[in-house]
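Participant: So I've got this file, start.txt, and it contains compact mmCIF, C-alpha atoms:
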# COMPACT_ATOMS: atom_id res chain seq x y z
CA MET A 1 32.89 -38.39 -105.73
CA ILE A 2 35.10 -40.00 -103.08
CA ARG A 3 38.07 -39.42 -105.33
CA LYS A 4 37.28 -35.73 -105.59
CA VAL A 5 37.01 -35.33 -101.82
CA LEU A 6 40.29 -37.19 -101.34
CA ILE A 7 42.07 -34.99 -103.85
CA ILE A 8 40.74 -31.84 -102.13
CA VAL A 9 41.88 -33.14 -98.73
CA VAL A 10 45.36 -33.93 -100.05
CA VAL A 11 45.63 -30.53 -101.75
CA ILE A 12 44.60 -28.75 -98.52
CA PHE A 13 47.09 -30.87 -96.56
CA VAL A 14 49.90 -29.88 -98.91
CA ILE A 15 48.93 -26.20 -98.91
CA ILE A 16 48.82 -25.87 -95.12
CA GLN A 17 52.38 -27.20 -94.94
CA PHE A 18 53.45 -23.78 -96.26
CA ILE A 19 51.76 -21.86 -93.44
CA PRO A 20 54.38 -21.04 -90.80
CA SER A 21 53.46 -22.65 -87.47
CA GLY A 22 55.37 -20.08 -85.42
CA ARG A 23 57.13 -22.83 -83.50
CA PRO A 24 58.88 -21.17 -80.54
CA ASP A 25 62.68 -21.56 -80.48
CA ASN A 26 64.70 -22.75 -77.51
CA ASN A 27 66.85 -20.03 -75.94
CA PRO A 28 68.29 -21.56 -72.79
CA VAL A 29 70.16 -19.19 -70.46
CA PRO A 30 72.82 -20.98 -68.40
CA GLY A 31 72.20 -20.64 -64.66
CA LYS A 32 68.63 -19.43 -65.02
CA ASP A 33 66.91 -22.79 -65.39
CA LEU A 34 64.92 -24.20 -62.49
CA LEU A 35 67.20 -27.22 -62.25
CA ASP A 36 70.27 -24.96 -62.03
CA MET A 37 68.73 -23.22 -59.05
CA VAL A 38 66.52 -25.64 -57.11
CA ASP A 39 67.62 -28.95 -55.59
CA ALA A 40 65.70 -31.97 -56.80
CA SER A 41 66.15 -35.73 -56.52
CA ASP A 42 66.92 -37.76 -59.64
CA ASP A 43 63.32 -39.03 -59.63
CA VAL A 44 61.90 -35.53 -59.54
CA VAL A 45 64.28 -34.33 -62.26
CA ALA A 46 63.19 -37.24 -64.45
CA ILE A 47 59.50 -36.48 -63.93
CA LEU A 48 59.94 -32.76 -64.61
CA LYS A 49 61.92 -33.48 -67.77
CA SER A 50 59.49 -36.01 -69.17
CA ALA A 51 56.19 -34.50 -68.03
CA CYS A 52 56.77 -30.72 -67.94
CA TYR A 53 59.83 -29.57 -69.84
CA ASP A 54 58.41 -30.12 -73.32
CA CYS A 55 56.18 -27.06 -72.90
CA HIS A 56 57.34 -25.22 -69.79
CA SER A 57 61.02 -24.71 -70.57
CA GLN A 58 63.65 -23.58 -73.04
CA GLN A 59 64.60 -27.22 -73.64
CA VAL A 60 61.61 -28.31 -75.70
CA THR A 61 62.22 -31.39 -77.85
CA TYR A 62 60.04 -31.31 -80.93
CA PRO A 63 59.04 -34.76 -82.26
CA TRP A 64 58.90 -35.30 -86.02
CA TYR A 65 55.12 -34.91 -86.22
CA SER A 66 55.34 -31.48 -84.66
CA TYR A 67 56.81 -30.35 -87.98
CA VAL A 68 53.72 -31.48 -89.90
CA ALA A 69 50.66 -29.24 -90.16
CA PRO A 70 48.08 -29.18 -88.65
CA VAL A 71 49.72 -30.87 -85.60
CA SER A 72 52.50 -28.27 -85.77
CA PHE A 73 49.92 -25.52 -85.08
CA LEU A 74 48.69 -27.30 -81.95
CA VAL A 75 52.17 -28.06 -80.60
CA SER A 76 53.33 -24.48 -81.22
CA ARG A 77 50.32 -23.09 -79.44
CA ASP A 78 50.77 -25.40 -76.45
CA VAL A 79 54.44 -24.47 -76.06
CA ARG A 80 53.70 -20.76 -76.42
CA GLU A 81 50.91 -20.86 -73.87
CA GLY A 82 52.80 -23.20 -71.56
CA ARG A 83 55.78 -20.86 -71.41
CA GLU A 84 53.50 -17.88 -70.90
CA HIS A 85 52.10 -19.47 -67.74
CA LEU A 86 55.39 -20.86 -66.50
CA ASP A 87 58.83 -21.11 -68.08
CA PHE A 88 61.30 -23.19 -66.06
CA GLY A 89 64.03 -21.92 -68.37
CA LEU A 90 63.57 -18.39 -67.00
CA TRP A 91 63.14 -19.42 -63.37
CA GLY A 92 65.90 -17.05 -62.32
CA ASP A 93 63.93 -14.06 -63.60
CA LEU A 94 61.13 -14.67 -61.09
CA SER A 95 61.12 -12.98 -57.68
CA LYS A 96 61.19 -15.32 -54.69
CA ARG A 97 57.54 -14.56 -54.14
CA LYS A 98 56.62 -15.55 -57.69
CA GLN A 99 58.72 -18.70 -57.34
CA ILE A 100 56.76 -19.66 -54.22
CA LYS A 101 53.51 -19.08 -56.06
CA ALA A 102 54.68 -21.09 -59.06
CA LEU A 103 55.65 -24.04 -56.84
CA ASP A 104 52.34 -23.83 -54.98
CA GLU A 105 50.39 -23.78 -58.23
CA ILE A 106 52.39 -26.70 -59.62
CA SER A 107 51.50 -28.77 -56.58
CA GLU A 108 47.81 -27.80 -56.85
CA GLU A 109 47.53 -28.56 -60.55
CA VAL A 110 49.47 -31.81 -60.36
CA GLU A 111 47.36 -32.91 -57.39
CA ALA A 112 44.12 -32.06 -59.20
CA GLY A 113 45.33 -33.92 -62.29
CA GLU A 114 45.15 -30.78 -64.44
CA MET A 115 48.81 -31.04 -65.41
CA PRO A 116 50.24 -32.62 -67.48
CA MET A 117 47.38 -31.99 -69.90
CA LYS A 118 45.32 -35.10 -70.63
CA ILE A 119 46.27 -35.11 -74.31
CA TYR A 120 50.02 -35.05 -73.65
CA PRO A 121 50.67 -38.62 -72.37
CA ILE A 122 48.98 -40.09 -75.46
CA MET A 123 52.17 -39.52 -77.44
CA HIS A 124 54.46 -39.31 -74.37
CA PRO A 125 53.73 -42.34 -72.19
CA ASP A 126 56.53 -41.38 -69.75
CA ALA A 127 54.47 -38.34 -68.83
CA LYS A 128 51.60 -40.43 -67.52
CA LEU A 129 52.20 -39.92 -63.81
CA THR A 130 51.40 -42.48 -61.14
CA ASP A 131 49.90 -41.36 -57.84
CA ALA A 132 53.30 -41.91 -56.23
CA GLN A 133 54.98 -39.70 -58.81
CA ARG A 134 52.37 -36.98 -58.31
CA GLN A 135 53.03 -37.14 -54.57
CA GLN A 136 56.79 -36.84 -55.20
CA ILE A 137 56.20 -33.63 -57.15
CA ILE A 138 53.84 -32.23 -54.50
CA ASP A 139 56.33 -32.95 -51.70
CA TRP A 140 59.19 -31.44 -53.69
CA CYS A 141 57.14 -28.28 -54.37
CA GLU A 142 56.32 -27.83 -50.70
CA ILE A 143 59.89 -28.37 -49.48
CA SER A 144 61.35 -26.11 -52.18
CA ALA A 145 58.84 -23.32 -51.52
CA ASP A 146 59.37 -23.42 -47.76
CA ARG A 147 63.14 -23.09 -48.31
CA LEU A 148 62.56 -19.79 -50.10
CA PHE A 149 61.37 -17.90 -47.05
CA GLU A 150 63.21 -19.71 -44.29
CA MET B 1 -8.13 -12.16 -42.23
CA LYS B 2 -6.47 -15.21 -40.81
CA ASN B 3 -4.89 -15.86 -44.22
CA LEU B 4 -3.58 -12.33 -44.43
CA PHE B 5 -2.03 -12.67 -40.99
CA LEU B 6 -0.42 -15.96 -41.99
CA THR B 7 0.96 -14.46 -45.19
CA ILE B 8 2.47 -11.50 -43.38
CA PHE B 9 3.87 -13.75 -40.70
CA SER B 10 5.53 -16.08 -43.22
CA LEU B 11 6.92 -13.13 -45.21
CA VAL B 12 8.49 -11.68 -42.07
CA PHE B 13 9.80 -15.13 -41.19
CA ILE B 14 11.39 -15.61 -44.63
CA ALA B 15 12.86 -12.12 -44.54
CA GLY B 16 14.32 -12.90 -41.13
CA ILE B 17 15.90 -16.13 -42.34
CA LEU B 18 17.35 -14.32 -45.37
CA THR B 19 18.85 -11.59 -43.20
CA ILE B 20 20.41 -14.10 -40.87
CA THR B 21 21.88 -16.28 -43.62
CA THR B 22 23.21 -13.45 -45.79
CA GLY B 23 24.49 -11.64 -42.73
CA PHE B 24 26.25 -14.79 -41.64
CA LYS B 25 27.66 -15.35 -45.09
CA THR B 26 29.20 -11.90 -45.33
CA GLU B 27 30.79 -12.14 -41.92
CA THR B 28 32.58 -15.43 -42.41
CA VAL B 29 35.50 -13.81 -44.21
CA GLN B 30 36.61 -12.21 -40.97
CA LYS B 31 35.44 -14.76 -38.49
CA GLU B 32 37.83 -17.63 -38.91
CA VAL B 33 40.96 -16.44 -37.23
CA ASN B 34 44.27 -18.15 -37.71
CA PRO B 35 45.76 -19.32 -34.43
CA GLU B 36 49.16 -18.10 -35.57
CA ASN B 37 47.63 -14.85 -36.77
CA LEU B 38 49.62 -14.72 -39.98
CA LEU B 39 47.13 -12.47 -41.67
CA THR B 40 45.09 -9.46 -40.72
CA ILE B 41 42.40 -8.23 -43.06
CA PRO B 42 41.62 -4.53 -42.51
CA ASP B 43 37.95 -3.53 -42.65
CA SER B 44 38.38 -1.62 -45.91
CA VAL B 45 39.83 -4.72 -47.59
CA ASN B 46 37.30 -7.02 -46.01
CA LYS B 47 34.47 -4.94 -47.42
CA VAL B 48 35.78 -5.18 -50.99
CA LEU B 49 36.44 -8.93 -50.68
CA LYS B 50 32.98 -9.43 -49.23
CA ASP B 51 31.13 -7.35 -51.81
CA LYS B 52 33.05 -8.25 -54.95
CA CYS B 53 34.88 -11.58 -54.56
CA PHE B 54 33.27 -13.70 -51.88
CA ASP B 55 30.21 -14.82 -53.88
CA CYS B 56 32.38 -17.08 -56.06
CA HIS B 57 35.48 -17.54 -53.89
CA HIS B 58 34.21 -19.37 -50.82
CA SER B 59 34.04 -23.01 -49.72
CA GLY B 60 30.35 -23.40 -50.57
CA SER B 61 30.60 -21.76 -53.99
CA GLU B 62 28.97 -23.39 -56.98
CA SER B 63 31.94 -22.53 -59.16
CA MET B 64 34.40 -25.42 -58.86
CA LYS B 65 37.09 -23.46 -60.63
CA ALA B 66 36.73 -20.38 -58.43
CA LYS B 67 36.84 -22.31 -55.20
CA MET B 68 39.71 -24.49 -56.31
CA LYS B 69 41.81 -21.39 -56.89
CA LEU B 70 40.82 -19.41 -53.82
CA LYS B 71 38.52 -19.87 -50.84
CA LEU B 72 38.41 -16.55 -49.02
CA ASP B 73 36.80 -18.01 -45.91
CA LYS B 74 39.81 -20.35 -45.55
CA LEU B 75 42.42 -17.68 -46.22
CA PRO B 76 43.24 -17.05 -42.57
CA THR B 77 43.77 -20.77 -41.95
CA LEU B 78 46.43 -21.31 -44.64
CA SER B 79 50.12 -22.06 -44.14
CA LYS B 80 52.66 -19.31 -44.77
CA ARG B 81 53.61 -20.77 -48.15
CA LYS B 82 49.99 -21.04 -49.30
CA LEU B 83 49.22 -17.54 -48.05
CA ILE B 84 52.10 -15.98 -49.96
CA SER B 85 50.94 -17.79 -53.07
CA LYS B 86 47.30 -16.78 -52.72
CA LEU B 87 48.09 -13.15 -51.83
CA ASP B 88 50.42 -12.86 -54.81
CA GLY B 89 47.66 -14.36 -56.95
CA ILE B 90 45.11 -11.81 -55.71
CA ALA B 91 47.45 -8.88 -56.39
CA GLU B 92 48.40 -10.21 -59.83
CA SER B 93 44.94 -11.13 -61.05
CA VAL B 94 43.39 -7.84 -59.93
CA GLU B 95 46.30 -5.85 -61.35
CA GLU B 96 46.07 -7.57 -64.73
CA LYS B 97 42.29 -7.26 -64.64
CA ASP B 98 41.87 -11.02 -64.95
CA MET B 99 39.58 -10.80 -61.92
CA PRO B 100 36.67 -10.39 -61.69
CA PRO B 101 36.33 -12.24 -65.02
CA GLU B 102 35.08 -10.16 -67.94
CA LYS B 103 32.42 -12.73 -68.81
CA PHE B 104 31.09 -12.70 -65.27
CA LEU B 105 30.94 -8.90 -65.21
CA LYS B 106 28.76 -8.85 -68.32
CA LYS B 107 26.12 -10.66 -66.32
CA TYR B 108 26.79 -9.02 -62.97
CA PRO B 109 28.21 -5.55 -63.70
CA GLU B 110 27.71 -4.51 -60.07
CA HIS B 111 30.65 -6.77 -59.15
CA ALA B 112 33.14 -4.65 -61.11
CA LEU B 113 35.94 -3.18 -59.00
CA THR B 114 36.30 0.57 -58.91
CA ASP B 115 39.85 1.94 -59.29
CA ASP B 116 39.92 2.67 -55.57
CA GLU B 117 38.80 -0.83 -54.68
CA SER B 118 41.39 -2.40 -56.98
CA LYS B 119 44.12 -0.33 -55.38
CA ILE B 120 42.96 -1.30 -51.88
CA LEU B 121 43.16 -5.00 -52.77
CA ILE B 122 46.45 -4.80 -54.67
CA ASP B 123 48.26 -2.75 -52.01
CA TRP B 124 47.02 -4.95 -49.19
CA ALA B 125 47.84 -8.25 -50.95
CA ASN B 126 51.30 -7.06 -52.02
CA ASN B 127 52.21 -5.71 -48.59
CA ALA B 128 50.85 -8.73 -46.75
CA ALA B 129 52.75 -11.13 -49.05
CA ASP B 130 56.00 -9.16 -48.66
CA GLU B 131 55.52 -9.08 -44.90
CA LEU B 132 55.27 -12.89 -44.87
CA MET B 133 58.45 -13.19 -46.96
CA LYS B 134 60.51 -11.44 -44.25
Write the structure described by the file as structure tokens, please.
Facilitator:
Amino acid sequence: MIRKVLIIVVVIFVIIQFIPSGRPDNNPVPGKDLLDMVDASDDVVAILKSACYDCHSQQVTYPWYSYVAPVSFLVSRDVREGREHLDFGLWGDLSKRKQIKALDEISEEVEAGEMPMKIYPIMHPDAKLTDAQRQQIIDWCEISADRLFE
Amino acid sequence: MKNLFLTIFSLVFIAGILTITTGFKTETVQKEVNPENLLTIPDSVNKVLKDKCFDCHHSGSESMKAKMKLKLDKLPTLSKRKLISKLDGIAESVEEKDMPPEKFLKKYPEHALTDDESKILIDWANNAADELMK
């Protein structure tokens, strides 16, 4: 009995490897990325890269397990949805007003602990932000947003 | 007889309390005025906000999510940056019909925005946000 179940599980595992995950490609546009346009300290750059850029950019690094179904489906969905909400790689396409809103929403979500998503730091320990790091992001958002209408 | 009098009296009393509290609630949108006066809310806009948005989007709301995103009673007290962000959010979410939420409207269809009301909100929020950008 156990053998049968195991065989079925393995067969399903092998079959789903042939389903395309629709993993989004990276298409960086020079000059359009947030970090090409907005000043940020080395600390802030490091936090953004490790805690945000793997979904919200055109510089996503896919770990090996993101090529294995069913994890590949989850990763692909997260990147797709992350970019839909906010894509730092296309920062230059946003109006100043939208940039201000994006920065304001980043600060709100980081402060409330909604971003990075709880599941993300499990495999990416660098993305587990300390209170001090959260505050650095909040301060950077506020300064950068205020610069846009001054 | 005495009982009847008491019943009527308490009913009138309750009705009075209800009128005062709901009346108060609907007026708070306009009442808190920003000392810097960054934002004016015309009556036509205020009416739509009051009738269709305020129930969820105010400081005392039961919906954590709604009040985290937008507290209409605090709108006039926000910084310029926050105001631009919130106004842009109002225009965008009404325009894309994300607000009021579809699920909510199934239960409370009377909160749906008419086309006129949507336009009033979108035009006001867009213009007010652009004005602040200058």
Participant: May I ask you to extract the residues of chain A within 10 Å of chain B, using all atoms listed in the file, and to give them as number ranges by chain?
Facilitator: A: 96-105, 108-109, 112, 142-143, 145-150
Participant: With C-alpha atoms retained, export the selected residues as a PDB file, in the frame of the given file.
Facilitator:
ATOM      1  CA  LYS A  96      61.190 -15.320 -54.690  1.00  0.00           C
ATOM      2  CA  ARG A  97      57.540 -14.560 -54.140  1.00  0.00           C
ATOM      3  CA  LYS A  98      56.620 -15.550 -57.690  1.00  0.00           C
ATOM      4  CA  GLN A  99      58.720 -18.700 -57.340  1.00  0.00           C
ATOM      5  CA  ILE A 100      56.760 -19.660 -54.220  1.00  0.00           C
ATOM      6  CA  LYS A 101      53.510 -19.080 -56.060  1.00  0.00           C
ATOM      7  CA  ALA A 102      54.680 -21.090 -59.060  1.00  0.00           C
ATOM      8  CA  LEU A 103      55.650 -24.040 -56.840  1.00  0.00           C
ATOM      9  CA  ASP A 104      52.340 -23.830 -54.980  1.00  0.00           C
ATOM     10  CA  GLU A 105      50.390 -23.780 -58.230  1.00  0.00           C
ATOM     11  CA  GLU A 108      47.810 -27.800 -56.850  1.00  0.00           C
ATOM     12  CA  GLU A 109      47.530 -28.560 -60.550  1.00  0.00           C
ATOM     13  CA  ALA A 112      44.120 -32.060 -59.200  1.00  0.00           C
ATOM     14  CA  GLU A 142      56.320 -27.830 -50.700  1.00  0.00           C
ATOM     15  CA  ILE A 143      59.890 -28.370 -49.480  1.00  0.00           C
ATOM     16  CA  ALA A 145      58.840 -23.320 -51.520  1.00  0.00           C
ATOM     17  CA  ASP A 146      59.370 -23.420 -47.760  1.00  0.00           C
ATOM     18  CA  ARG A 147      63.140 -23.090 -48.310  1.00  0.00           C
ATOM     19  CA  LEU A 148      62.560 -19.790 -50.100  1.00  0.00           C
ATOM     20  CA  PHE A 149      61.370 -17.900 -47.050  1.00  0.00           C
ATOM     21  CA  GLU A 150      63.210 -19.710 -44.290  1.00  0.00           C
TER      22      GLU A 150
END
Participant: So, counting only C-alpha atoms, which residue among B:Asp73, B:Glu117, B:Glu102, B:Glu96 is closest to B:Val48?
Facilitator: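 The answer is B:Glu117, which sits nearest to B:Val48.
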Participant: From the set A:Ser144, A:Ile137, A:Ile15, A:Gln59, which residue has the shortest atom-to-atom contact distance to A:Asp42, counting only C-alpha atoms?
Facilitator: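 Of A:Ser144, A:Ile137, A:Ile15, A:Gln59, the one nearest A:Asp42, counting only C-alpha atoms, is A:Ile137.
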Participant: Every residue with an atom at most 7 Å from (51.3, -34.0, -65.5) (file coordinates; all atoms listed in the file) is what I'm after, so could you write them as a PDB file with C-alpha atoms, keeping the file's coordinate frame?
Facilitator:
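Produced file out_39.pdb, reproduced below:
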ATOM      1  CA  ALA A  51      56.190 -34.500 -68.030  1.00  0.00           C
ATOM      2  CA  CYS A  52      56.770 -30.720 -67.940  1.00  0.00           C
ATOM      3  CA  VAL A 110      49.470 -31.810 -60.360  1.00  0.00           C
ATOM      4  CA  GLY A 113      45.330 -33.920 -62.290  1.00  0.00           C
ATOM      5  CA  MET A 115      48.810 -31.040 -65.410  1.00  0.00           C
ATOM      6  CA  PRO A 116      50.240 -32.620 -67.480  1.00  0.00           C
ATOM      7  CA  MET A 117      47.380 -31.990 -69.900  1.00  0.00           C
ATOM      8  CA  ALA A 127      54.470 -38.340 -68.830  1.00  0.00           C
ATOM      9  CA  LYS A 128      51.600 -40.430 -67.520  1.00  0.00           C
ATOM     10  CA  LEU A 129      52.200 -39.920 -63.810  1.00  0.00           C
TER      11      LEU A 129
END
Participant: Between atom CA of A:Gly22 and atom CA of A:Ser76, what distance in Å does the model show, to one decimal?
Facilitator: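 Separating atom CA of A:Gly22 from atom CA of A:Ser76 is a distance of 6.4 Å.
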Participant: So the first atom is atom CA of A:Cys141 and the second is atom CA of A:Asp54; what is the distance between them in Å, to one decimal place?
Facilitator: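 Separation of atom CA of A:Cys141 and atom CA of A:Asp54: 19.1 Å.
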Participant: Set up a box along x, y and z of the file covering all listed atoms of stretch 82-95 of chain A, add 8 Å on every one of the six sides, and write the centre and edge lengths in Å to one decimal, as AutoDock Vina command-line options.
Facilitator:
--center_x 59.0 --center_y -18.1 --center_z -64.6 --size_x 29.8 --size_y 26.2 --size_z 29.9
